[in-house]
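Content type mmCIF, N, CA and C atoms, from the file start-v4.cif:
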data_final
#
loop_
_atom_site.label_atom_id
_atom_site.label_comp_id
_atom_site.auth_asym_id
_atom_site.auth_seq_id
_atom_site.Cartn_x
_atom_site.Cartn_y
_atom_site.Cartn_z
N MET A 1 10.67 32.09 -6.58
CA MET A 1 11.67 31.10 -6.27
C MET A 1 11.14 30.27 -5.10
N LEU A 2 11.16 28.96 -5.24
CA LEU A 2 10.65 28.05 -4.22
C LEU A 2 11.76 27.07 -3.87
N LEU A 3 12.29 27.20 -2.65
CA LEU A 3 13.48 26.46 -2.23
C LEU A 3 13.18 25.52 -1.07
N SER A 4 13.85 24.39 -1.04
CA SER A 4 13.74 23.45 0.07
C SER A 4 14.53 23.97 1.27
N VAL A 5 13.92 23.92 2.44
CA VAL A 5 14.61 24.33 3.67
C VAL A 5 15.60 23.25 4.09
N ASP A 6 15.20 21.99 3.93
CA ASP A 6 16.01 20.86 4.38
C ASP A 6 16.32 19.96 3.19
N LYS A 7 17.39 20.27 2.48
CA LYS A 7 17.71 19.55 1.24
C LYS A 7 18.10 18.10 1.48
N GLN A 8 18.50 17.74 2.70
CA GLN A 8 18.85 16.35 2.99
C GLN A 8 17.60 15.47 3.08
N ASN A 9 16.53 16.01 3.66
CA ASN A 9 15.32 15.22 3.87
C ASN A 9 14.18 15.58 2.93
N THR A 10 14.24 16.75 2.32
CA THR A 10 13.21 17.20 1.40
C THR A 10 13.91 17.61 0.10
N PRO A 11 13.70 16.87 -0.97
CA PRO A 11 14.45 17.16 -2.20
C PRO A 11 14.11 18.53 -2.78
N SER A 12 15.10 19.10 -3.47
CA SER A 12 14.90 20.37 -4.17
C SER A 12 14.08 20.12 -5.43
N LEU A 13 13.39 21.15 -5.86
CA LEU A 13 12.63 21.07 -7.10
C LEU A 13 13.59 21.16 -8.28
N GLN A 14 13.28 20.46 -9.35
CA GLN A 14 14.11 20.57 -10.56
C GLN A 14 14.01 21.96 -11.15
N GLN A 15 12.84 22.57 -11.04
CA GLN A 15 12.61 23.93 -11.54
C GLN A 15 12.17 24.81 -10.37
N PRO A 16 13.10 25.39 -9.61
CA PRO A 16 12.70 26.22 -8.47
C PRO A 16 12.13 27.58 -8.87
N HIS A 17 12.41 28.03 -10.10
CA HIS A 17 11.86 29.29 -10.59
C HIS A 17 10.46 29.02 -11.14
N LEU A 18 9.45 29.64 -10.55
CA LEU A 18 8.08 29.46 -11.01
C LEU A 18 7.54 30.81 -11.47
N CYS A 19 6.75 30.77 -12.50
CA CYS A 19 6.05 31.97 -12.98
C CYS A 19 4.58 31.73 -12.70
N CYS A 20 4.03 32.47 -11.74
CA CYS A 20 2.66 32.22 -11.29
C CYS A 20 1.85 33.50 -11.32
N ARG A 21 0.55 33.35 -11.48
CA ARG A 21 -0.33 34.51 -11.41
C ARG A 21 -0.46 34.94 -9.94
N PRO A 22 -0.71 36.21 -9.68
CA PRO A 22 -0.78 36.72 -8.30
C PRO A 22 -1.90 36.10 -7.47
N THR A 23 -2.92 35.56 -8.12
CA THR A 23 -4.04 34.97 -7.39
C THR A 23 -3.77 33.53 -6.94
N LEU A 24 -2.65 32.96 -7.34
CA LEU A 24 -2.33 31.58 -6.95
C LEU A 24 -2.23 31.49 -5.43
N SER A 25 -2.80 30.45 -4.86
CA SER A 25 -2.81 30.30 -3.39
C SER A 25 -1.64 29.44 -2.91
N VAL A 26 -1.35 29.58 -1.65
CA VAL A 26 -0.32 28.77 -1.00
C VAL A 26 -0.73 27.29 -1.08
N LYS A 27 -2.01 27.01 -0.99
CA LYS A 27 -2.50 25.63 -1.11
C LYS A 27 -2.07 25.03 -2.46
N HIS A 28 -2.18 25.81 -3.54
CA HIS A 28 -1.78 25.32 -4.85
C HIS A 28 -0.26 25.10 -4.91
N LEU A 29 0.51 25.94 -4.24
CA LEU A 29 1.96 25.72 -4.18
C LEU A 29 2.28 24.41 -3.44
N CYS A 30 1.54 24.12 -2.37
CA CYS A 30 1.72 22.85 -1.65
C CYS A 30 1.44 21.67 -2.58
N GLU A 31 0.38 21.78 -3.37
CA GLU A 31 0.03 20.72 -4.31
C GLU A 31 1.13 20.55 -5.36
N TYR A 32 1.69 21.65 -5.83
CA TYR A 32 2.78 21.60 -6.81
C TYR A 32 4.00 20.89 -6.22
N VAL A 33 4.39 21.26 -5.01
CA VAL A 33 5.55 20.64 -4.36
C VAL A 33 5.29 19.15 -4.18
N ALA A 34 4.08 18.78 -3.79
CA ALA A 34 3.75 17.36 -3.59
C ALA A 34 3.86 16.58 -4.90
N ARG A 35 3.49 17.19 -6.02
CA ARG A 35 3.60 16.50 -7.31
C ARG A 35 5.06 16.36 -7.75
N GLN A 36 5.92 17.28 -7.32
CA GLN A 36 7.30 17.29 -7.77
C GLN A 36 8.26 16.56 -6.82
N THR A 37 7.78 16.21 -5.64
CA THR A 37 8.62 15.54 -4.63
C THR A 37 7.87 14.33 -4.07
N PRO A 38 8.53 13.51 -3.27
CA PRO A 38 7.84 12.35 -2.66
C PRO A 38 6.90 12.73 -1.51
N LEU A 39 6.84 14.00 -1.13
CA LEU A 39 6.01 14.40 0.01
C LEU A 39 4.52 14.37 -0.33
N PRO A 40 3.70 13.82 0.57
CA PRO A 40 2.25 13.94 0.38
C PRO A 40 1.83 15.40 0.61
N VAL A 41 0.80 15.87 -0.06
CA VAL A 41 0.39 17.27 0.00
C VAL A 41 0.11 17.72 1.44
N GLU A 42 -0.47 16.84 2.26
CA GLU A 42 -0.79 17.23 3.63
C GLU A 42 0.45 17.43 4.52
N GLU A 43 1.62 17.00 4.03
CA GLU A 43 2.86 17.17 4.79
C GLU A 43 3.72 18.33 4.30
N VAL A 44 3.27 19.04 3.26
CA VAL A 44 4.05 20.14 2.70
C VAL A 44 3.69 21.44 3.42
N GLU A 45 4.71 22.18 3.81
CA GLU A 45 4.54 23.47 4.46
C GLU A 45 5.30 24.52 3.65
N ILE A 46 4.63 25.63 3.33
CA ILE A 46 5.26 26.72 2.58
C ILE A 46 5.57 27.85 3.56
N LEU A 47 6.76 28.41 3.42
CA LEU A 47 7.21 29.46 4.33
C LEU A 47 7.62 30.72 3.58
N ALA A 48 7.31 31.85 4.18
CA ALA A 48 7.80 33.13 3.67
C ALA A 48 9.20 33.35 4.23
N VAL A 49 10.14 33.69 3.37
CA VAL A 49 11.50 34.04 3.81
C VAL A 49 11.47 35.54 4.06
N LYS A 50 11.43 35.92 5.36
CA LYS A 50 11.27 37.32 5.73
C LYS A 50 12.60 38.01 6.00
N GLY A 51 13.55 37.24 6.46
CA GLY A 51 14.88 37.78 6.73
C GLY A 51 15.87 36.72 6.34
N CYS A 52 16.99 37.12 5.79
CA CYS A 52 17.92 36.15 5.23
C CYS A 52 19.35 36.55 5.54
N CYS A 53 20.13 35.59 6.01
CA CYS A 53 21.53 35.84 6.31
C CYS A 53 22.45 35.48 5.16
N SER A 54 21.91 34.91 4.10
CA SER A 54 22.71 34.51 2.95
C SER A 54 23.19 35.75 2.20
N THR A 55 24.29 35.61 1.48
CA THR A 55 24.84 36.73 0.71
C THR A 55 23.91 37.18 -0.39
N VAL A 56 23.04 36.30 -0.90
CA VAL A 56 22.14 36.71 -1.98
C VAL A 56 21.16 37.77 -1.50
N CYS A 57 20.88 37.80 -0.21
CA CYS A 57 19.92 38.77 0.30
C CYS A 57 20.57 40.14 0.46
N GLY A 58 21.87 40.16 0.41
CA GLY A 58 22.59 41.42 0.43
C GLY A 58 23.15 41.66 -0.96
N LYS A 59 24.34 42.15 -1.03
CA LYS A 59 24.98 42.40 -2.33
C LYS A 59 25.91 41.24 -2.66
N SER A 60 25.94 40.87 -3.90
CA SER A 60 26.87 39.84 -4.34
C SER A 60 28.24 40.47 -4.54
N ALA A 61 29.25 39.87 -3.94
CA ALA A 61 30.59 40.43 -4.03
C ALA A 61 31.40 39.84 -5.17
N ASP A 62 31.02 38.67 -5.65
CA ASP A 62 31.88 37.98 -6.62
C ASP A 62 31.43 38.15 -8.07
N GLY A 63 30.41 38.94 -8.32
CA GLY A 63 30.01 39.21 -9.70
C GLY A 63 29.14 38.15 -10.34
N THR A 64 28.66 37.16 -9.57
CA THR A 64 27.80 36.13 -10.16
C THR A 64 26.46 36.76 -10.54
N SER A 65 25.79 36.16 -11.50
CA SER A 65 24.51 36.70 -11.94
C SER A 65 23.45 36.48 -10.87
N PHE A 66 22.41 37.30 -10.92
CA PHE A 66 21.33 37.20 -9.95
C PHE A 66 20.67 35.83 -10.01
N SER A 67 20.46 35.31 -11.21
CA SER A 67 19.84 34.00 -11.38
C SER A 67 20.69 32.91 -10.72
N ASP A 68 22.00 32.96 -10.90
CA ASP A 68 22.89 31.99 -10.27
C ASP A 68 22.83 32.10 -8.75
N GLU A 69 22.77 33.32 -8.25
CA GLU A 69 22.70 33.53 -6.81
C GLU A 69 21.46 32.87 -6.23
N LEU A 70 20.30 33.06 -6.88
CA LEU A 70 19.07 32.47 -6.37
C LEU A 70 19.12 30.96 -6.39
N THR A 71 19.71 30.39 -7.42
CA THR A 71 19.80 28.94 -7.54
C THR A 71 20.64 28.34 -6.43
N THR A 72 21.66 29.06 -5.98
CA THR A 72 22.55 28.52 -4.95
C THR A 72 22.18 29.00 -3.54
N LEU A 73 21.11 29.76 -3.40
CA LEU A 73 20.67 30.24 -2.10
C LEU A 73 20.35 29.08 -1.17
N VAL A 74 20.83 29.14 0.05
CA VAL A 74 20.54 28.13 1.06
C VAL A 74 19.77 28.80 2.18
N ILE A 75 18.60 28.27 2.49
CA ILE A 75 17.79 28.79 3.58
C ILE A 75 18.19 28.06 4.85
N ASP A 76 18.56 28.80 5.88
CA ASP A 76 18.97 28.22 7.16
C ASP A 76 17.94 28.61 8.22
N PRO A 77 17.08 27.67 8.65
CA PRO A 77 16.03 28.00 9.59
C PRO A 77 16.55 28.49 10.95
N SER A 78 17.80 28.18 11.28
CA SER A 78 18.35 28.65 12.54
C SER A 78 18.84 30.10 12.46
N LYS A 79 19.03 30.61 11.22
CA LYS A 79 19.53 31.97 11.04
C LYS A 79 18.54 32.88 10.32
N ASP A 80 17.77 32.33 9.39
CA ASP A 80 16.88 33.13 8.57
C ASP A 80 15.50 33.24 9.22
N GLU A 81 14.85 34.37 9.01
CA GLU A 81 13.52 34.58 9.55
C GLU A 81 12.48 34.02 8.60
N LEU A 82 11.74 33.00 9.07
CA LEU A 82 10.74 32.32 8.25
C LEU A 82 9.37 32.43 8.91
N GLU A 83 8.32 32.47 8.09
CA GLU A 83 6.95 32.49 8.60
C GLU A 83 6.12 31.46 7.85
N THR A 84 5.47 30.57 8.59
CA THR A 84 4.61 29.57 7.98
C THR A 84 3.39 30.26 7.37
N LEU A 85 3.08 29.90 6.13
CA LEU A 85 1.97 30.51 5.42
C LEU A 85 0.74 29.61 5.46
N GLN A 86 -0.42 30.23 5.38
CA GLN A 86 -1.69 29.51 5.39
C GLN A 86 -2.13 29.22 3.96
N GLY A 87 -2.84 28.12 3.77
CA GLY A 87 -3.26 27.68 2.44
C GLY A 87 -4.10 28.68 1.67
N HIS A 88 -4.86 29.52 2.36
CA HIS A 88 -5.75 30.47 1.69
C HIS A 88 -5.03 31.73 1.22
N GLU A 89 -3.80 31.96 1.66
CA GLU A 89 -3.08 33.17 1.28
C GLU A 89 -2.70 33.11 -0.21
N SER A 90 -2.73 34.28 -0.86
CA SER A 90 -2.37 34.35 -2.28
C SER A 90 -0.98 34.94 -2.44
N LEU A 91 -0.38 34.71 -3.60
CA LEU A 91 0.94 35.27 -3.88
C LEU A 91 0.92 36.79 -3.85
N ALA A 92 -0.17 37.39 -4.28
CA ALA A 92 -0.26 38.85 -4.28
C ALA A 92 -0.09 39.41 -2.87
N GLY A 93 -0.65 38.73 -1.89
CA GLY A 93 -0.53 39.18 -0.51
C GLY A 93 0.82 38.91 0.11
N LEU A 94 1.58 38.00 -0.49
CA LEU A 94 2.87 37.62 0.09
C LEU A 94 3.99 38.60 -0.19
N LYS A 95 3.83 39.44 -1.20
CA LYS A 95 4.94 40.33 -1.55
C LYS A 95 5.27 41.30 -0.43
N PHE A 96 4.35 41.48 0.52
CA PHE A 96 4.63 42.35 1.66
C PHE A 96 5.22 41.57 2.83
N LYS A 97 5.19 40.24 2.77
CA LYS A 97 5.70 39.40 3.84
C LYS A 97 7.08 38.85 3.56
N CYS A 98 7.44 38.71 2.29
CA CYS A 98 8.65 37.99 1.89
C CYS A 98 9.72 38.92 1.37
N ILE A 99 10.91 38.38 1.33
CA ILE A 99 11.98 39.03 0.60
C ILE A 99 11.64 38.94 -0.87
N SER A 100 11.81 40.02 -1.57
CA SER A 100 11.57 40.04 -3.00
C SER A 100 12.75 40.74 -3.64
N LYS A 101 13.42 40.03 -4.53
CA LYS A 101 14.56 40.59 -5.23
C LYS A 101 14.27 40.61 -6.72
N LYS A 102 14.34 41.79 -7.32
CA LYS A 102 14.10 41.94 -8.75
C LYS A 102 12.83 41.23 -9.19
N GLU A 103 11.76 41.47 -8.44
CA GLU A 103 10.44 40.92 -8.72
C GLU A 103 10.32 39.41 -8.48
N HIS A 104 11.29 38.80 -7.81
CA HIS A 104 11.23 37.39 -7.46
C HIS A 104 10.87 37.27 -5.99
N LEU A 105 9.77 36.58 -5.68
CA LEU A 105 9.46 36.24 -4.30
C LEU A 105 10.34 35.06 -3.91
N ILE A 106 10.87 35.09 -2.71
CA ILE A 106 11.66 33.96 -2.24
C ILE A 106 10.84 33.25 -1.18
N LEU A 107 10.39 32.04 -1.52
CA LEU A 107 9.60 31.20 -0.63
C LEU A 107 10.37 29.91 -0.38
N ALA A 108 10.03 29.25 0.71
CA ALA A 108 10.68 27.98 1.05
C ALA A 108 9.60 26.94 1.34
N TYR A 109 9.99 25.68 1.27
CA TYR A 109 9.06 24.61 1.64
C TYR A 109 9.82 23.56 2.44
N ARG A 110 9.07 22.80 3.21
CA ARG A 110 9.64 21.71 4.00
C ARG A 110 8.51 20.75 4.39
N ARG A 111 8.92 19.63 4.95
CA ARG A 111 7.93 18.69 5.52
C ARG A 111 7.44 19.34 6.82
N LYS A 112 6.13 19.31 7.04
CA LYS A 112 5.58 19.88 8.27
C LYS A 112 6.25 19.24 9.46
N GLU A 113 6.55 20.06 10.47
CA GLU A 113 7.27 19.57 11.64
C GLU A 113 6.46 18.49 12.37
N SER A 114 5.15 18.57 12.37
CA SER A 114 4.32 17.56 13.01
C SER A 114 4.38 16.22 12.28
N ALA A 115 4.83 16.24 11.01
CA ALA A 115 4.91 15.02 10.20
C ALA A 115 6.23 14.32 10.37
N LEU A 116 7.20 14.94 11.06
CA LEU A 116 8.53 14.32 11.22
C LEU A 116 8.51 13.20 12.23
#

Would it be possible to restate this file's structure as structure tokens?
Amino acid sequence: MLLSVDKQNTPSLQQPHLCCRPTLSVKHLCEYVARQTPLPVEEVEILAVKGCCSTVCGKSADGTSFSDELTTLVIDPSKDELETLQGHESLAGLKFKCISKKEHLILAYRRKESAL
């Protein structure tokens, strides 16, 4: 799952659910986000969601499906624990850094802060 941190300034992906091989690099994810949004590739930053205050990271109380929960997940940089990832890192190595629910890695993207 690849979610926008700042939906007002960085558009969400039409297809946030991605099926990728474990060897895919963070650099390739940046290139994908750049192709799907108006952001130039050099301004895309991928983040590991390490801690999450959203209800999806805990138990769902209202009976919504897991897929629906992920689609409506909102990443809040002031509350959630995020780590900027390096371009050479692979998805296989990220499963130990990120929240993973039912085999879904939860990653976020935004415009690099230096580009604002």

How would you write as a compact mmCIF listing (two decimals) with N, CA and C atoms, in the frame of the given file the residues that get within 8 Å of (9.8, 26.1, 2.4) in the file's frame, counting all atoms listed in the file?
# COMPACT_ATOMS: atom_id res chain seq x y z
N LEU A 2 11.16 28.96 -5.24
CA LEU A 2 10.65 28.05 -4.22
C LEU A 2 11.76 27.07 -3.87
N LEU A 3 12.29 27.20 -2.65
CA LEU A 3 13.48 26.46 -2.23
C LEU A 3 13.18 25.52 -1.07
N SER A 4 13.85 24.39 -1.04
CA SER A 4 13.74 23.45 0.07
C SER A 4 14.53 23.97 1.27
N VAL A 5 13.92 23.92 2.44
CA VAL A 5 14.61 24.33 3.67
C VAL A 5 15.60 23.25 4.09
N ASP A 6 15.20 21.99 3.93
CA ASP A 6 16.01 20.86 4.38
C ASP A 6 16.32 19.96 3.19
N VAL A 44 3.27 19.04 3.26
CA VAL A 44 4.05 20.14 2.70
C VAL A 44 3.69 21.44 3.42
N GLU A 45 4.71 22.18 3.81
CA GLU A 45 4.54 23.47 4.46
C GLU A 45 5.30 24.52 3.65
N ILE A 46 4.63 25.63 3.33
CA ILE A 46 5.26 26.72 2.58
C ILE A 46 5.57 27.85 3.56
N LEU A 47 6.76 28.41 3.42
CA LEU A 47 7.21 29.46 4.33
C LEU A 47 7.62 30.72 3.58
N ALA A 48 7.31 31.85 4.18
CA ALA A 48 7.80 33.13 3.67
C ALA A 48 9.20 33.35 4.23
N VAL A 49 10.14 33.69 3.37
CA VAL A 49 11.50 34.04 3.81
C VAL A 49 11.47 35.54 4.06
N LEU A 107 10.39 32.04 -1.52
CA LEU A 107 9.60 31.20 -0.63
C LEU A 107 10.37 29.91 -0.38
N ALA A 108 10.03 29.25 0.71
CA ALA A 108 10.68 27.98 1.05
C ALA A 108 9.60 26.94 1.34
N TYR A 109 9.99 25.68 1.27
CA TYR A 109 9.06 24.61 1.64
C TYR A 109 9.82 23.56 2.44
N ARG A 110 9.07 22.80 3.21
CA ARG A 110 9.64 21.71 4.00
C ARG A 110 8.51 20.75 4.39
N ARG A 111 8.92 19.63 4.95
CA ARG A 111 7.93 18.69 5.52
C ARG A 111 7.44 19.34 6.82

*Report the residues retrieved by the PyMOL selection byres ((chain A and resi 11-28) around 8) from the displayed file, expressed as a VMD selection string.*
chain A and resid 1 to 10 29 to 34 36 to 39 46 71 85 to 93

*To one decimal place, how far is atom C of Phe96 of chain A from atom CA of Lys50 of chain A in Å?*
7.9 Å

*Separation of atom CA of Val41 of chain A and atom N of Leu94 of chain A, in Å?*
20.8 Å

*For Cys98 of chain A, which of A:Glu42, A:Thr84, A:Val74, A:Arg35 is the closest residue, counting only C-alpha atoms?*
A:Thr84

*Atom pair atom CA of Lys97 of chain A / atom CA of Glu81 of chain A: separation (Å)*: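 Between atom CA of Lys97 of chain A and atom CA of Glu81 of chain A the gap works out to 10.8 Å.
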